[in-house]
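Have a look at coords_19.txt below; it lists compact mmCIF, N, CA and C atoms.
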```txt
# COMPACT_ATOMS: atom_id res chain seq x y z
N MET A 20 233.98 72.37 144.85
CA MET A 20 233.38 73.56 145.44
C MET A 20 232.69 74.41 144.36
N ALA A 21 233.35 74.57 143.22
CA ALA A 21 232.76 75.36 142.14
C ALA A 21 231.49 74.69 141.61
N HIS A 22 231.50 73.35 141.62
CA HIS A 22 230.33 72.60 141.16
C HIS A 22 229.14 72.89 142.07
N LEU A 23 229.37 72.92 143.38
CA LEU A 23 228.28 73.18 144.32
C LEU A 23 227.75 74.60 144.17
N LYS A 24 228.65 75.55 143.93
CA LYS A 24 228.24 76.94 143.75
C LYS A 24 227.39 77.08 142.48
N LYS A 25 227.82 76.42 141.41
CA LYS A 25 227.07 76.45 140.15
C LYS A 25 225.71 75.80 140.33
N LEU A 26 225.68 74.67 141.05
CA LEU A 26 224.42 73.98 141.32
C LEU A 26 223.48 74.86 142.14
N GLN A 27 224.02 75.54 143.14
CA GLN A 27 223.20 76.42 143.97
C GLN A 27 222.63 77.57 143.14
N THR A 28 223.43 78.10 142.22
CA THR A 28 222.94 79.16 141.33
C THR A 28 221.81 78.64 140.46
N GLU A 29 221.96 77.44 139.92
CA GLU A 29 220.89 76.83 139.10
C GLU A 29 219.63 76.62 139.93
N ILE A 30 219.81 76.18 141.16
CA ILE A 30 218.65 75.95 142.05
C ILE A 30 217.94 77.27 142.31
N ASP A 31 218.71 78.33 142.61
CA ASP A 31 218.09 79.64 142.85
C ASP A 31 217.31 80.12 141.63
N LYS A 32 217.89 79.95 140.45
CA LYS A 32 217.19 80.33 139.22
C LYS A 32 215.93 79.49 139.03
N GLY A 33 216.03 78.20 139.33
CA GLY A 33 214.88 77.31 139.20
C GLY A 33 213.76 77.69 140.15
N LEU A 34 214.11 78.02 141.39
CA LEU A 34 213.09 78.42 142.36
C LEU A 34 212.43 79.74 141.97
N LYS A 35 213.24 80.66 141.42
CA LYS A 35 212.68 81.92 140.95
C LYS A 35 211.72 81.66 139.79
N LYS A 36 212.10 80.76 138.91
CA LYS A 36 211.26 80.40 137.77
C LYS A 36 209.94 79.78 138.24
N VAL A 37 210.01 78.95 139.28
CA VAL A 37 208.80 78.34 139.84
C VAL A 37 207.88 79.42 140.41
N ASP A 38 208.44 80.36 141.17
CA ASP A 38 207.62 81.43 141.75
C ASP A 38 206.96 82.27 140.66
N GLU A 39 207.72 82.58 139.61
CA GLU A 39 207.15 83.35 138.50
C GLU A 39 206.05 82.55 137.79
N GLY A 40 206.28 81.25 137.64
CA GLY A 40 205.28 80.39 137.01
C GLY A 40 204.00 80.31 137.82
N VAL A 41 204.14 80.24 139.15
CA VAL A 41 202.97 80.19 140.03
C VAL A 41 202.20 81.50 139.92
N GLU A 42 202.91 82.63 139.92
CA GLU A 42 202.25 83.93 139.78
C GLU A 42 201.51 84.03 138.44
N GLU A 43 202.15 83.57 137.38
CA GLU A 43 201.53 83.61 136.05
C GLU A 43 200.28 82.73 136.01
N TYR A 44 200.37 81.55 136.62
CA TYR A 44 199.21 80.65 136.66
C TYR A 44 198.05 81.33 137.39
N ASN A 45 198.34 81.93 138.53
CA ASN A 45 197.28 82.60 139.30
C ASN A 45 196.70 83.78 138.53
N ARG A 46 197.54 84.51 137.80
CA ARG A 46 197.06 85.63 136.99
C ARG A 46 196.12 85.13 135.90
N LEU A 47 196.51 84.04 135.24
CA LEU A 47 195.67 83.47 134.18
C LEU A 47 194.36 82.94 134.75
N LYS A 48 194.44 82.32 135.92
CA LYS A 48 193.24 81.78 136.56
C LYS A 48 192.26 82.91 136.88
N ASP A 49 192.77 84.02 137.42
CA ASP A 49 191.91 85.16 137.73
C ASP A 49 191.32 85.77 136.46
N ALA A 50 192.13 85.86 135.42
CA ALA A 50 191.64 86.41 134.15
C ALA A 50 190.54 85.51 133.58
N HIS A 51 190.71 84.20 133.70
CA HIS A 51 189.68 83.27 133.21
C HIS A 51 188.40 83.45 134.00
N HIS A 52 188.53 83.66 135.28
CA HIS A 52 187.35 83.83 136.13
C HIS A 52 186.59 85.10 135.75
N ARG A 53 187.33 86.15 135.37
CA ARG A 53 186.70 87.42 135.00
C ARG A 53 186.21 87.46 133.56
N ALA A 54 186.71 86.57 132.72
CA ALA A 54 186.37 86.59 131.29
C ALA A 54 184.90 86.30 131.09
N SER A 55 184.31 87.03 130.14
CA SER A 55 182.88 86.84 129.89
C SER A 55 182.62 86.15 128.56
N GLN A 56 183.51 86.28 127.62
CA GLN A 56 183.32 85.70 126.29
C GLN A 56 183.86 84.27 126.25
N PRO A 57 183.12 83.36 125.61
CA PRO A 57 183.58 81.96 125.53
C PRO A 57 184.94 81.81 124.83
N ASN A 58 185.18 82.61 123.79
CA ASN A 58 186.47 82.49 123.11
C ASN A 58 187.62 82.97 123.98
N GLN A 59 187.37 83.97 124.83
CA GLN A 59 188.39 84.42 125.78
C GLN A 59 188.69 83.31 126.78
N LYS A 60 187.63 82.69 127.28
CA LYS A 60 187.81 81.62 128.25
C LYS A 60 188.60 80.46 127.65
N GLU A 61 188.29 80.10 126.41
CA GLU A 61 189.00 79.00 125.75
C GLU A 61 190.48 79.32 125.60
N LYS A 62 190.78 80.54 125.20
CA LYS A 62 192.17 80.96 125.03
C LYS A 62 192.90 80.90 126.38
N LEU A 63 192.25 81.37 127.42
CA LEU A 63 192.87 81.36 128.74
C LEU A 63 193.04 79.92 129.26
N GLU A 64 192.09 79.05 128.92
CA GLU A 64 192.22 77.63 129.31
C GLU A 64 193.45 77.01 128.64
N GLU A 65 193.66 77.35 127.36
CA GLU A 65 194.85 76.85 126.66
C GLU A 65 196.12 77.39 127.31
N ASN A 66 196.10 78.67 127.66
CA ASN A 66 197.27 79.27 128.32
C ASN A 66 197.53 78.63 129.68
N LEU A 67 196.45 78.34 130.41
CA LEU A 67 196.60 77.68 131.71
C LEU A 67 197.22 76.29 131.54
N LYS A 68 196.77 75.59 130.52
CA LYS A 68 197.30 74.25 130.27
C LYS A 68 198.79 74.31 129.93
N ALA A 69 199.18 75.28 129.10
CA ALA A 69 200.59 75.45 128.75
C ALA A 69 201.41 75.81 129.99
N GLN A 70 200.84 76.67 130.83
CA GLN A 70 201.55 77.08 132.04
C GLN A 70 201.73 75.91 133.00
N ILE A 71 200.71 75.08 133.14
CA ILE A 71 200.83 73.94 134.06
C ILE A 71 201.85 72.94 133.52
N LYS A 72 201.96 72.81 132.21
CA LYS A 72 202.97 71.92 131.63
C LYS A 72 204.38 72.44 131.94
N LYS A 73 204.56 73.76 131.84
CA LYS A 73 205.86 74.35 132.20
C LYS A 73 206.18 74.07 133.67
N LEU A 74 205.17 74.26 134.51
CA LEU A 74 205.38 74.02 135.94
C LEU A 74 205.68 72.55 136.22
N GLN A 75 205.09 71.65 135.45
CA GLN A 75 205.38 70.22 135.64
C GLN A 75 206.84 69.92 135.29
N ARG A 76 207.34 70.57 134.23
CA ARG A 76 208.77 70.38 133.89
C ARG A 76 209.65 70.92 135.01
N ASP A 77 209.25 72.08 135.56
CA ASP A 77 210.01 72.64 136.69
C ASP A 77 209.96 71.69 137.89
N ARG A 78 208.81 71.08 138.11
CA ARG A 78 208.67 70.13 139.22
C ARG A 78 209.61 68.95 139.04
N ASN A 79 209.71 68.45 137.81
CA ASN A 79 210.64 67.34 137.54
C ASN A 79 212.07 67.75 137.85
N GLN A 80 212.43 68.99 137.49
CA GLN A 80 213.78 69.47 137.79
C GLN A 80 213.99 69.57 139.30
N LEU A 81 212.99 70.08 140.01
CA LEU A 81 213.09 70.16 141.47
C LEU A 81 213.27 68.77 142.08
N SER A 82 212.53 67.82 141.55
CA SER A 82 212.63 66.44 142.06
C SER A 82 214.03 65.88 141.86
N SER A 83 214.63 66.18 140.72
CA SER A 83 215.99 65.68 140.49
C SER A 83 216.98 66.34 141.44
N TRP A 84 216.78 67.62 141.73
CA TRP A 84 217.66 68.30 142.69
C TRP A 84 217.45 67.75 144.10
N ILE A 85 216.22 67.43 144.44
CA ILE A 85 215.94 66.87 145.76
C ILE A 85 216.64 65.53 145.92
N ALA A 86 216.69 64.76 144.85
CA ALA A 86 217.30 63.43 144.89
C ALA A 86 218.83 63.49 144.97
N GLU A 87 219.43 64.60 144.59
CA GLU A 87 220.89 64.72 144.63
C GLU A 87 221.39 64.78 146.07
N LYS A 88 222.46 64.06 146.33
CA LYS A 88 223.03 64.03 147.68
C LYS A 88 223.84 65.27 147.99
N SER A 89 224.33 65.95 146.96
CA SER A 89 225.17 67.12 147.19
C SER A 89 224.36 68.34 147.64
N VAL A 90 223.04 68.30 147.43
CA VAL A 90 222.19 69.40 147.87
C VAL A 90 221.82 69.17 149.33
N LYS A 91 222.19 70.13 150.17
CA LYS A 91 221.94 69.96 151.60
C LYS A 91 220.59 70.53 152.04
N ASP A 92 220.30 71.75 151.64
CA ASP A 92 219.06 72.41 152.06
C ASP A 92 217.96 72.13 151.04
N LYS A 93 217.09 71.21 151.37
CA LYS A 93 216.06 70.78 150.43
C LYS A 93 214.68 71.33 150.77
N ASP A 94 214.59 72.13 151.83
CA ASP A 94 213.29 72.65 152.26
C ASP A 94 212.63 73.53 151.20
N LEU A 95 213.40 74.46 150.63
CA LEU A 95 212.83 75.33 149.60
C LEU A 95 212.43 74.54 148.36
N LEU A 96 213.21 73.52 148.04
CA LEU A 96 212.88 72.68 146.89
C LEU A 96 211.58 71.92 147.13
N MET A 97 211.45 71.38 148.33
CA MET A 97 210.22 70.65 148.68
C MET A 97 209.01 71.59 148.67
N GLU A 98 209.21 72.81 149.16
CA GLU A 98 208.12 73.79 149.19
C GLU A 98 207.69 74.15 147.77
N GLY A 99 208.66 74.38 146.89
CA GLY A 99 208.34 74.69 145.50
C GLY A 99 207.62 73.54 144.83
N LYS A 100 208.07 72.33 145.10
CA LYS A 100 207.43 71.15 144.53
C LYS A 100 205.99 71.03 145.02
N SER A 101 205.76 71.29 146.30
CA SER A 101 204.40 71.17 146.83
C SER A 101 203.49 72.27 146.27
N LYS A 102 204.04 73.46 146.03
CA LYS A 102 203.24 74.53 145.40
C LYS A 102 202.76 74.07 144.02
N ILE A 103 203.68 73.51 143.27
CA ILE A 103 203.34 73.07 141.91
C ILE A 103 202.31 71.95 141.96
N GLU A 104 202.48 71.01 142.89
CA GLU A 104 201.52 69.91 142.99
C GLU A 104 200.14 70.40 143.39
N ALA A 105 200.08 71.42 144.24
CA ALA A 105 198.78 71.99 144.60
C ALA A 105 198.12 72.62 143.37
N LEU A 106 198.92 73.31 142.55
CA LEU A 106 198.37 73.90 141.33
C LEU A 106 197.94 72.82 140.35
N MET A 107 198.67 71.72 140.31
CA MET A 107 198.29 70.61 139.42
C MET A 107 196.94 70.04 139.85
N ASP A 108 196.73 69.90 141.16
CA ASP A 108 195.43 69.41 141.65
C ASP A 108 194.32 70.40 141.28
N HIS A 109 194.62 71.69 141.46
CA HIS A 109 193.63 72.71 141.11
C HIS A 109 193.31 72.64 139.63
N PHE A 110 194.33 72.49 138.80
CA PHE A 110 194.11 72.46 137.36
C PHE A 110 193.29 71.25 136.95
N LYS A 111 193.54 70.13 137.62
CA LYS A 111 192.77 68.92 137.31
C LYS A 111 191.29 69.17 137.56
N ASP A 112 190.96 69.78 138.70
CA ASP A 112 189.57 70.10 139.02
C ASP A 112 189.02 71.15 138.04
N PHE A 113 189.84 72.15 137.76
CA PHE A 113 189.44 73.21 136.84
C PHE A 113 189.13 72.65 135.46
N GLU A 114 190.00 71.76 134.99
CA GLU A 114 189.81 71.18 133.66
C GLU A 114 188.54 70.33 133.61
N ARG A 115 188.31 69.56 134.66
CA ARG A 115 187.10 68.74 134.71
C ARG A 115 185.87 69.64 134.70
N GLU A 116 185.93 70.73 135.44
CA GLU A 116 184.80 71.65 135.51
C GLU A 116 184.57 72.36 134.17
N SER A 117 185.66 72.75 133.51
CA SER A 117 185.50 73.47 132.25
C SER A 117 185.05 72.54 131.12
N LYS A 118 185.33 71.26 131.23
CA LYS A 118 184.92 70.31 130.20
C LYS A 118 183.46 69.88 130.36
N THR A 119 182.87 70.14 131.53
CA THR A 119 181.48 69.78 131.76
C THR A 119 180.58 70.69 130.93
N LYS A 120 179.78 70.09 130.12
CA LYS A 120 178.86 70.87 129.30
C LYS A 120 177.75 71.42 130.18
N ARG A 121 177.35 72.63 129.90
CA ARG A 121 176.39 73.31 130.75
C ARG A 121 175.05 72.57 130.85
N PHE A 122 174.56 72.03 129.74
CA PHE A 122 173.25 71.39 129.75
C PHE A 122 173.33 69.87 129.78
N SER A 123 174.51 69.34 130.10
CA SER A 123 174.61 67.89 130.28
C SER A 123 173.98 67.53 131.63
N GLN A 124 173.78 66.26 131.85
CA GLN A 124 173.18 65.83 133.12
C GLN A 124 174.05 66.27 134.30
N VAL A 125 175.35 66.11 134.16
CA VAL A 125 176.27 66.51 135.24
C VAL A 125 176.21 68.01 135.45
N GLY A 126 176.18 68.78 134.36
CA GLY A 126 176.12 70.23 134.47
C GLY A 126 174.83 70.70 135.12
N LEU A 127 173.72 70.07 134.78
CA LEU A 127 172.45 70.46 135.38
C LEU A 127 172.41 70.11 136.86
N ASN A 128 172.95 68.96 137.22
CA ASN A 128 173.00 68.58 138.63
C ASN A 128 173.90 69.53 139.40
N LYS A 129 174.96 69.99 138.76
CA LYS A 129 175.90 70.90 139.42
C LYS A 129 175.22 72.23 139.73
N GLU A 130 174.36 72.70 138.82
CA GLU A 130 173.67 73.96 139.06
C GLU A 130 172.72 73.85 140.24
N ASP A 131 172.18 72.65 140.47
CA ASP A 131 171.28 72.46 141.61
C ASP A 131 172.02 72.64 142.93
N ARG A 132 173.30 72.28 142.93
CA ARG A 132 174.10 72.39 144.15
C ARG A 132 174.90 73.69 144.12
N ALA A 133 174.21 74.81 144.27
CA ALA A 133 174.87 76.11 144.23
C ALA A 133 175.67 76.32 145.52
N ASP A 134 176.74 77.06 145.40
CA ASP A 134 177.54 77.31 146.59
C ASP A 134 176.76 78.23 147.53
N PRO A 135 177.12 78.27 148.81
CA PRO A 135 176.36 79.04 149.80
C PRO A 135 176.25 80.53 149.46
N GLU A 136 177.30 81.13 148.93
CA GLU A 136 177.23 82.55 148.57
C GLU A 136 176.21 82.78 147.47
N GLU A 137 176.19 81.89 146.48
CA GLU A 137 175.22 82.01 145.39
C GLU A 137 173.80 81.84 145.93
N GLN A 138 173.62 80.91 146.85
CA GLN A 138 172.30 80.69 147.45
C GLN A 138 171.85 81.93 148.21
N LYS A 139 172.75 82.55 148.97
CA LYS A 139 172.41 83.77 149.71
C LYS A 139 172.04 84.89 148.74
N ARG A 140 172.80 84.98 147.66
CA ARG A 140 172.54 86.01 146.66
C ARG A 140 171.16 85.82 146.04
N ARG A 141 170.82 84.59 145.72
CA ARG A 141 169.50 84.30 145.14
C ARG A 141 168.38 84.64 146.13
N GLU A 142 168.59 84.29 147.41
CA GLU A 142 167.59 84.61 148.42
C GLU A 142 167.42 86.11 148.56
N MET A 143 168.53 86.85 148.53
CA MET A 143 168.48 88.30 148.66
C MET A 143 167.76 88.92 147.46
N ILE A 144 168.03 88.42 146.28
CA ILE A 144 167.35 88.93 145.08
C ILE A 144 165.85 88.67 145.17
N SER A 145 165.48 87.49 145.63
CA SER A 145 164.07 87.15 145.78
C SER A 145 163.39 88.08 146.80
N TRP A 146 164.07 88.33 147.90
CA TRP A 146 163.52 89.21 148.95
C TRP A 146 163.33 90.62 148.40
N ILE A 147 164.33 91.12 147.67
CA ILE A 147 164.25 92.46 147.10
C ILE A 147 163.09 92.54 146.10
N GLN A 148 162.92 91.51 145.29
CA GLN A 148 161.82 91.51 144.32
C GLN A 148 160.47 91.50 145.03
N ASP A 149 160.36 90.74 146.12
CA ASP A 149 159.12 90.74 146.90
C ASP A 149 158.83 92.12 147.49
N MET A 150 159.86 92.75 148.03
CA MET A 150 159.68 94.09 148.62
C MET A 150 159.27 95.10 147.54
N LEU A 151 159.89 95.00 146.37
CA LEU A 151 159.53 95.92 145.29
C LEU A 151 158.08 95.73 144.87
N SER A 152 157.64 94.48 144.76
CA SER A 152 156.25 94.26 144.35
C SER A 152 155.29 94.76 145.43
N ASN A 153 155.64 94.59 146.71
CA ASN A 153 154.80 95.12 147.80
C ASN A 153 154.74 96.64 147.73
N LEU A 154 155.87 97.28 147.50
CA LEU A 154 155.88 98.74 147.41
C LEU A 154 155.07 99.23 146.21
N GLU A 155 155.16 98.52 145.11
CA GLU A 155 154.38 98.90 143.93
C GLU A 155 152.88 98.78 144.21
N LYS A 156 152.49 97.71 144.92
CA LYS A 156 151.07 97.55 145.27
C LYS A 156 150.62 98.69 146.17
N GLU A 157 151.41 99.03 147.19
CA GLU A 157 151.05 100.12 148.10
C GLU A 157 150.96 101.44 147.33
N PHE A 158 151.90 101.64 146.44
CA PHE A 158 151.88 102.88 145.64
C PHE A 158 150.63 102.95 144.79
N ASP A 159 150.29 101.84 144.16
CA ASP A 159 149.08 101.80 143.34
C ASP A 159 147.83 102.07 144.18
N GLU A 160 147.80 101.49 145.40
CA GLU A 160 146.66 101.71 146.28
C GLU A 160 146.56 103.17 146.70
N LEU A 161 147.68 103.77 147.02
CA LEU A 161 147.68 105.17 147.46
C LEU A 161 147.30 106.12 146.31
N THR A 162 147.82 105.83 145.13
CA THR A 162 147.46 106.70 144.00
C THR A 162 146.02 106.49 143.56
N ALA A 163 145.47 105.30 143.78
CA ALA A 163 144.08 105.03 143.42
C ALA A 163 143.14 105.76 144.37
N GLU A 164 143.51 105.95 145.63
CA GLU A 164 142.67 106.63 146.61
C GLU A 164 142.60 108.13 146.32
N ASP A 165 143.65 108.67 145.74
CA ASP A 165 143.68 110.12 145.47
C ASP A 165 142.81 110.46 144.37
```
Written form, structure tokens:
Amino acid sequence: MAHLKKLQTEIDKGLKKVDEGVEEYNRLKDAHHRASQPNQKEKLEENLKAQIKKLQRDRNQLSSWIAEKSVKDKDLLMEGKSKIEALMDHFKDFERESKTKRFSQVGLNKEDRADPEEQKRREMISWIQDMLSNLEKEFDELTAED
């Protein structure tokens, strides 16, 4: 009985550690997205990699607890494991994207396929520039008549 209680305490600590790790990963990801300097981005990429490695170790621990027969309620363990695996997939894509050189063939092709929000933004900027040039022409015409 004491063994099960100790195991449950370890599991609770492990799940809390996973939740904190997920929050830290998301915080680092957001900071990387906001970073403007290349050296800041590189530092945050290293931190993200270290964080995902920690989460992978936690995932291995969760897997061992899931495999134990003495653990009855495995839903939270499975949920924690799936959270970590989703972050691992995200990191894999993130790492591939960050390793792509901006002016490589892949990077140039990627810029051609802008996301829909970026495309809308570009169209809006173009429209605003057209309107400004039209207004400037009208202004010049009106001031020339005076």
Open item on the list: Excluding A:Arg78 and its own-chain neighbours fewer than 3 positions away, which residues fall within 9 Å of it when counting only C-alpha atoms? Please give them as number ranges by chain.
Closed with: A: 37, 73-75, 81-83, 99-101, 103-104
Open item on the list: Using only C-alpha atoms, can you tell me which of A:Glu114, A:Gln70, A:Met143, A:Glu157 comes closest to A:Asn45?
Closed with: A:Gln70
Task: Interatomic distance (Å, one decimal) between atom CA of A:Arg76 and atom CA of A:Lys60 - done: 24.4 Å
Task: All helix (DSSP H, G or I) positions in stretch 61-154 of chain A, as an MDAnalysis selection string - done: chainID A and resid 61:86 94:118 124:131 135:154
TODO: Give me, please, the distance in Å between atom C of A:His51 and atom CA of A:Ser117, quoted to one decimal.
DONE: 10.5 Å
- [ ] Go ahead and compute the interatomic distance for atom CA of A:Ile85 and atom CA of A:Glu42, in Å to one decimal.
- [x]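 That distance, rounded to one decimal, is 22.7 Å.
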- [ ] Excluding stretch 89-98 of chain A and any residue of its chain fewer than 5 positions from it, enumerate the residues within 12 Å of it, using only C-alpha atoms, and give them as a VMD selection string.
- [x] chain A and resid 20 22 to 35 37 to 38 77 to 84 103 to 105
How big is the axis-aligned box around all listed atoms of stretch 102-108 of chain A once 8 Å goes on each side, and where's its centre, in Å to one decimal, as JSON?
```
{"center_x": 199.2, "center_y": 72.0, "center_z": 142.7, "size_x": 25.7, "size_y": 21.1, "size_z": 22.6}
```
Task: Given only C-alpha atoms as the counted atoms, nearest of A:Leu106, A:Lys48, A:Ile147, A:Gln56 to A:Lys72 - done: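 Closest to A:Lys72 of all the choices is A:Leu106.
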